[in-house]
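Colleague: Structure supplied as model-v7.tsv; contents: TSV, C-alpha atoms.
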```
chain	number	residue	atom	x	y	z
A	8	MET	CA	0.00	0.00	0.00
A	9	ASP	CA	1.18	3.46	-0.74
A	10	ASN	CA	0.95	6.69	1.25
A	11	LEU	CA	-2.25	7.77	-0.49
A	12	THR	CA	-4.09	4.67	0.72
A	13	TYR	CA	-2.95	5.23	4.32
A	14	SER	CA	-3.97	8.88	4.10
A	15	VAL	CA	-7.44	7.97	2.82
A	16	LEU	CA	-7.91	5.34	5.55
A	17	ALA	CA	-6.73	7.77	8.23
A	18	GLY	CA	-9.11	10.42	6.88
A	19	LEU	CA	-12.03	7.98	6.92
A	20	ALA	CA	-11.19	6.97	10.50
A	21	LEU	CA	-11.10	10.62	11.57
A	22	LEU	CA	-14.41	11.27	9.81
A	23	LEU	CA	-16.06	8.34	11.59
A	24	ILE	CA	-14.75	9.49	14.96
A	25	PHE	CA	-15.94	13.04	14.26
A	26	LEU	CA	-19.43	11.79	13.29
A	27	PHE	CA	-19.62	9.64	16.44
A	28	VAL	CA	-18.66	12.59	18.68
A	29	ILE	CA	-21.19	14.89	16.99
A	30	ASN	CA	-23.91	12.25	17.42
A	31	GLU	CA	-23.15	11.93	21.17
A	32	ILE	CA	-23.18	15.72	21.62
A	33	ARG	CA	-26.58	15.91	19.91
A	34	LYS	CA	-27.99	13.30	22.32
A	35	TYR	CA	-27.06	15.46	25.31
A	36	GLN	CA	-28.34	18.63	23.64
A	37	ARG	CA	-31.64	16.93	22.81
A	38	TYR	CA	-32.25	16.25	26.52
A	39	LYS	CA	-31.45	19.85	27.50
A	40	LYS	CA	-33.50	21.39	24.70
A	41	MET	CA	-36.64	19.22	24.60
A	42	LEU	CA	-37.24	18.19	28.22
A	43	ASP	CA	-37.81	20.10	31.43
A	44	MET	CA	-37.05	17.29	33.86
A	45	VAL	CA	-35.89	17.41	37.48
A	46	VAL	CA	-34.14	14.40	38.99
A	47	GLU	CA	-34.37	13.95	42.76
A	48	VAL	CA	-32.85	11.37	45.11
A	49	GLN	CA	-34.63	10.24	48.27
A	50	PHE	CA	-33.34	7.80	50.89
A	51	HIS	CA	-35.72	5.61	52.90
A	52	GLU	CA	-35.40	4.70	56.56
A	53	SER	CA	-34.82	1.02	57.23
A	54	GLU	CA	-37.07	-0.84	59.63
A	55	ASP	CA	-34.12	-2.97	60.75
A	56	ALA	CA	-31.49	-1.04	62.71
A	57	TYR	CA	-28.84	-3.60	61.73
A	58	ASP	CA	-29.56	-3.51	58.01
A	59	HIS	CA	-26.26	-2.85	56.22
A	60	MET	CA	-27.97	-1.48	53.09
A	61	ARG	CA	-29.54	1.92	52.50
A	62	ARG	CA	-32.37	2.00	50.00
A	63	GLY	CA	-33.65	4.93	48.07
A	64	THR	CA	-35.54	6.16	45.07
A	65	VAL	CA	-34.58	8.26	42.07
A	66	MET	CA	-37.61	10.45	41.31
A	67	LEU	CA	-37.98	11.77	37.76
A	68	HIS	CA	-40.28	14.80	37.53
A	69	LEU	CA	-41.21	15.75	33.97
A	70	TYR	CA	-42.67	19.27	34.03
A	71	ARG	CA	-42.77	20.03	30.33
A	72	SER	CA	-41.74	18.73	26.95
A	73	GLU	CA	-41.90	20.25	23.50
A	74	GLU	CA	-45.27	20.17	21.72
A	75	HIS	CA	-44.30	17.72	18.98
A	76	ILE	CA	-43.10	15.05	21.44
A	77	LYS	CA	-45.43	12.07	21.70
A	78	ALA	CA	-43.57	9.96	24.28
A	79	ILE	CA	-40.36	9.88	26.30
A	80	VAL	CA	-38.84	6.50	27.14
A	81	ILE	CA	-36.03	6.05	29.66
A	82	LYS	CA	-34.35	2.73	29.07
A	83	HIS	CA	-31.28	3.08	31.28
A	84	LEU	CA	-30.73	4.78	34.65
A	85	SER	CA	-27.50	4.42	36.60
A	86	PHE	CA	-25.11	6.25	38.90
A	87	SER	CA	-21.55	7.12	37.91
A	88	ASP	CA	-20.30	5.38	41.07
A	89	PRO	CA	-20.77	1.59	40.90
A	90	ALA	CA	-21.47	1.47	44.66
A	91	PHE	CA	-25.04	2.55	43.87
A	92	HIS	CA	-26.90	-0.49	42.56
A	93	VAL	CA	-30.00	0.08	40.44
A	94	PRO	CA	-31.82	-3.23	39.89
A	95	SER	CA	-32.69	-4.12	36.33
A	96	LEU	CA	-35.04	-1.46	35.14
A	97	ASP	CA	-38.01	-1.81	32.88
A	98	LYS	CA	-38.47	1.07	30.53
A	99	LEU	CA	-40.01	4.18	32.08
A	100	TYR	CA	-42.60	5.87	29.86
A	101	PHE	CA	-43.66	9.52	29.99
A	102	LYS	CA	-46.48	10.85	27.83
A	103	GLY	CA	-45.59	13.81	25.70
A	104	LYS	CA	-47.92	16.73	24.96
A	105	SER	CA	-49.24	16.49	28.50
A	106	GLY	CA	-49.90	19.76	30.28
A	107	GLU	CA	-49.61	18.14	33.69
A	108	GLN	CA	-46.54	17.20	35.68
A	109	GLN	CA	-45.57	13.52	35.49
A	110	LEU	CA	-43.61	11.52	38.04
A	111	LEU	CA	-41.81	8.19	37.65
A	112	SER	CA	-39.30	6.53	39.94
A	113	ALA	CA	-36.65	3.82	40.12
A	114	SER	CA	-35.24	2.22	43.25
A	115	PHE	CA	-31.58	1.78	44.20
A	116	ARG	CA	-29.51	0.52	47.09
A	117	ILE	CA	-26.06	1.15	48.53
A	118	ARG	CA	-24.10	-0.20	51.49
A	119	ARG	CA	-24.18	2.10	54.54
A	120	HIS	CA	-20.40	1.97	54.92
A	121	THR	CA	-19.88	2.97	51.29
A	122	LEU	CA	-22.44	5.75	51.61
A	123	ARG	CA	-20.52	7.23	54.55
A	124	ARG	CA	-17.32	7.05	52.49
A	125	LEU	CA	-18.99	8.96	49.64
A	126	ASP	CA	-20.31	11.72	51.93
A	127	GLY	CA	-19.96	15.09	50.17
A	128	LYS	CA	-18.67	13.61	46.90
A	129	LYS	CA	-20.10	14.69	43.57
A	130	ILE	CA	-21.36	11.91	41.33
A	131	HIS	CA	-23.71	11.81	38.33
A	132	ILE	CA	-26.97	10.10	37.57
A	133	ASN	CA	-26.89	8.82	33.99
A	134	LEU	CA	-30.09	8.70	31.97
A	135	SER	CA	-30.53	7.42	28.44
A	136	GLY	CA	-33.49	6.65	26.25
A	137	TRP	CA	-35.34	8.04	23.31
A	138	ILE	CA	-37.92	10.66	22.40
A	139	SER	CA	-40.72	9.78	19.97
A	140	ASP	CA	-42.27	12.63	18.05
A	141	SER	CA	-45.74	12.90	16.54
A	142	GLU	CA	-44.39	11.81	13.14
A	143	GLY	CA	-43.20	8.46	14.53
A	144	ASN	CA	-39.48	9.26	14.61
A	145	ALA	CA	-37.48	8.09	17.62
A	146	LYS	CA	-34.41	10.11	18.58
A	147	PRO	CA	-32.02	8.99	21.34
A	148	PHE	CA	-31.02	11.22	24.24
A	149	LYS	CA	-28.57	11.05	27.14
A	150	ALA	CA	-28.05	13.07	30.30
A	151	HIS	CA	-25.58	13.27	33.18
A	152	VAL	CA	-27.38	14.90	36.11
A	153	PRO	CA	-25.03	16.01	38.94
A	154	TYR	CA	-25.71	14.83	42.48
A	155	THR	CA	-23.79	15.52	45.68
A	156	VAL	CA	-24.07	12.71	48.20
A	157	GLY	CA	-25.71	14.15	51.31
A	158	SER	CA	-24.31	14.34	54.81
A	159	PHE	CA	-25.19	11.34	56.99
A	160	SER	CA	-24.53	11.04	60.69
A	161	ASN	CA	-25.43	7.94	62.68
A	162	ASP	CA	-26.92	6.51	59.50
A	163	THR	CA	-29.77	9.01	59.53
A	164	PRO	CA	-29.92	11.72	56.91
A	165	SER	CA	-29.64	15.34	57.91
A	166	ASP	CA	-32.44	17.82	57.22
A	167	ASN	CA	-31.18	18.63	53.73
A	168	ALA	CA	-30.00	15.15	52.69
A	169	PRO	CA	-33.17	13.08	52.05
A	170	THR	CA	-34.18	15.14	49.07
A	171	ALA	CA	-31.46	16.57	46.90
A	172	GLY	CA	-33.10	18.39	44.01
A	173	MET	CA	-31.18	18.51	40.75
A	174	THR	CA	-32.11	20.39	37.68
A	175	ALA	CA	-31.86	18.94	34.23
A	176	LEU	CA	-28.83	21.04	33.32
A	177	THR	CA	-31.02	23.54	31.52
```
Show me, as structure tokens, the structure contained in the file I just sent.

Modeller:
Amino acid sequence: MDNLTYSVLAGLALLLIFLFVINEIRKYQRYKKMLDMVVEVQFHESEDAYDHMRRGTVMLHLYRSEEHIKAIVIKHLSFSDPAFHVPSLDKLYFKGKSGEQQLLSASFRIRRHTLRRLDGKKIHINLSGWISDSEGNAKPFKAHVPYTVGSFSNDTPSDNAPTAGMTALT
């Protein structure tokens, strides 16, 4: 092979990488532009004082979406820290074009010891799915919603820790 062939292959590789990066950026922009969603984390008190796991819920509040959106489907929800375990999740469906607020949730769990270790650390909640419009087109979206792990003393959350509101990076 000559230099021209290597140059063409290198150019094609760069083009494919560029297209992949642009596609990923558009997924994140689609979430910011089309959805007004707030993600909230709530921890639940355990009935057993010796339970080594803390359980909680990720609450997804959809306040508004663009007019042409027919449905919003969230197929994957996870935390950036693997210590938070989200059990296998069925798809979460929001109706589009709805004038009312919608709420869906997903449960998670984490070890108490690990939660104390993460106190005050900033992690992200990762969302991915797709948006269906009124014409039947499905467009993927992704989001990284920041979350600061709340302060916990004696395994009970402080006044500001049970609910940590996070905006949708809008």

Colleague: Counting all atoms listed in the file, figure out which residue out of A:Asn133, A:Ser139, A:Gln109, A:Thr155 gets nearest to Phe86 (chain A).

Modeller: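 Smallest distance to Phe86 (chain A) is found for A:Asn133.
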
Colleague: Can you work out the spacing between CA of Leu125 (chain A) and CA of Phe91 (chain A) in Å, to one decimal?

Modeller: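 Answer for the CA of Leu125 (chain A) to CA of Phe91 (chain A) separation: 10.5 Å.
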
Colleague: Out of A:His83, A:Arg116, A:Arg33, A:Lys102, which residue has the shortest atom-to-atom distance to Gln49 (chain A) when counting only C-alpha atoms?

Modeller: A:Arg116

Colleague: Check the smallest atom-to-atom distance from each of A:Ile130, A:Ala20, A:Leu99, A:Val152 to Tyr35 (chain A) using only C-alpha atoms, then report the winner.

Modeller: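 When distances to Tyr35 (chain A) are compared using only C-alpha atoms, the smallest one comes from A:Val152.
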
Colleague: Of the residues A:Ser95, A:Ser85, A:Ser141, A:Ser135, which is the one nearest to Val65 (chain A), using only C-alpha atoms?

Modeller: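 The shortest atom-to-atom distance to Val65 (chain A) comes from A:Ser85.
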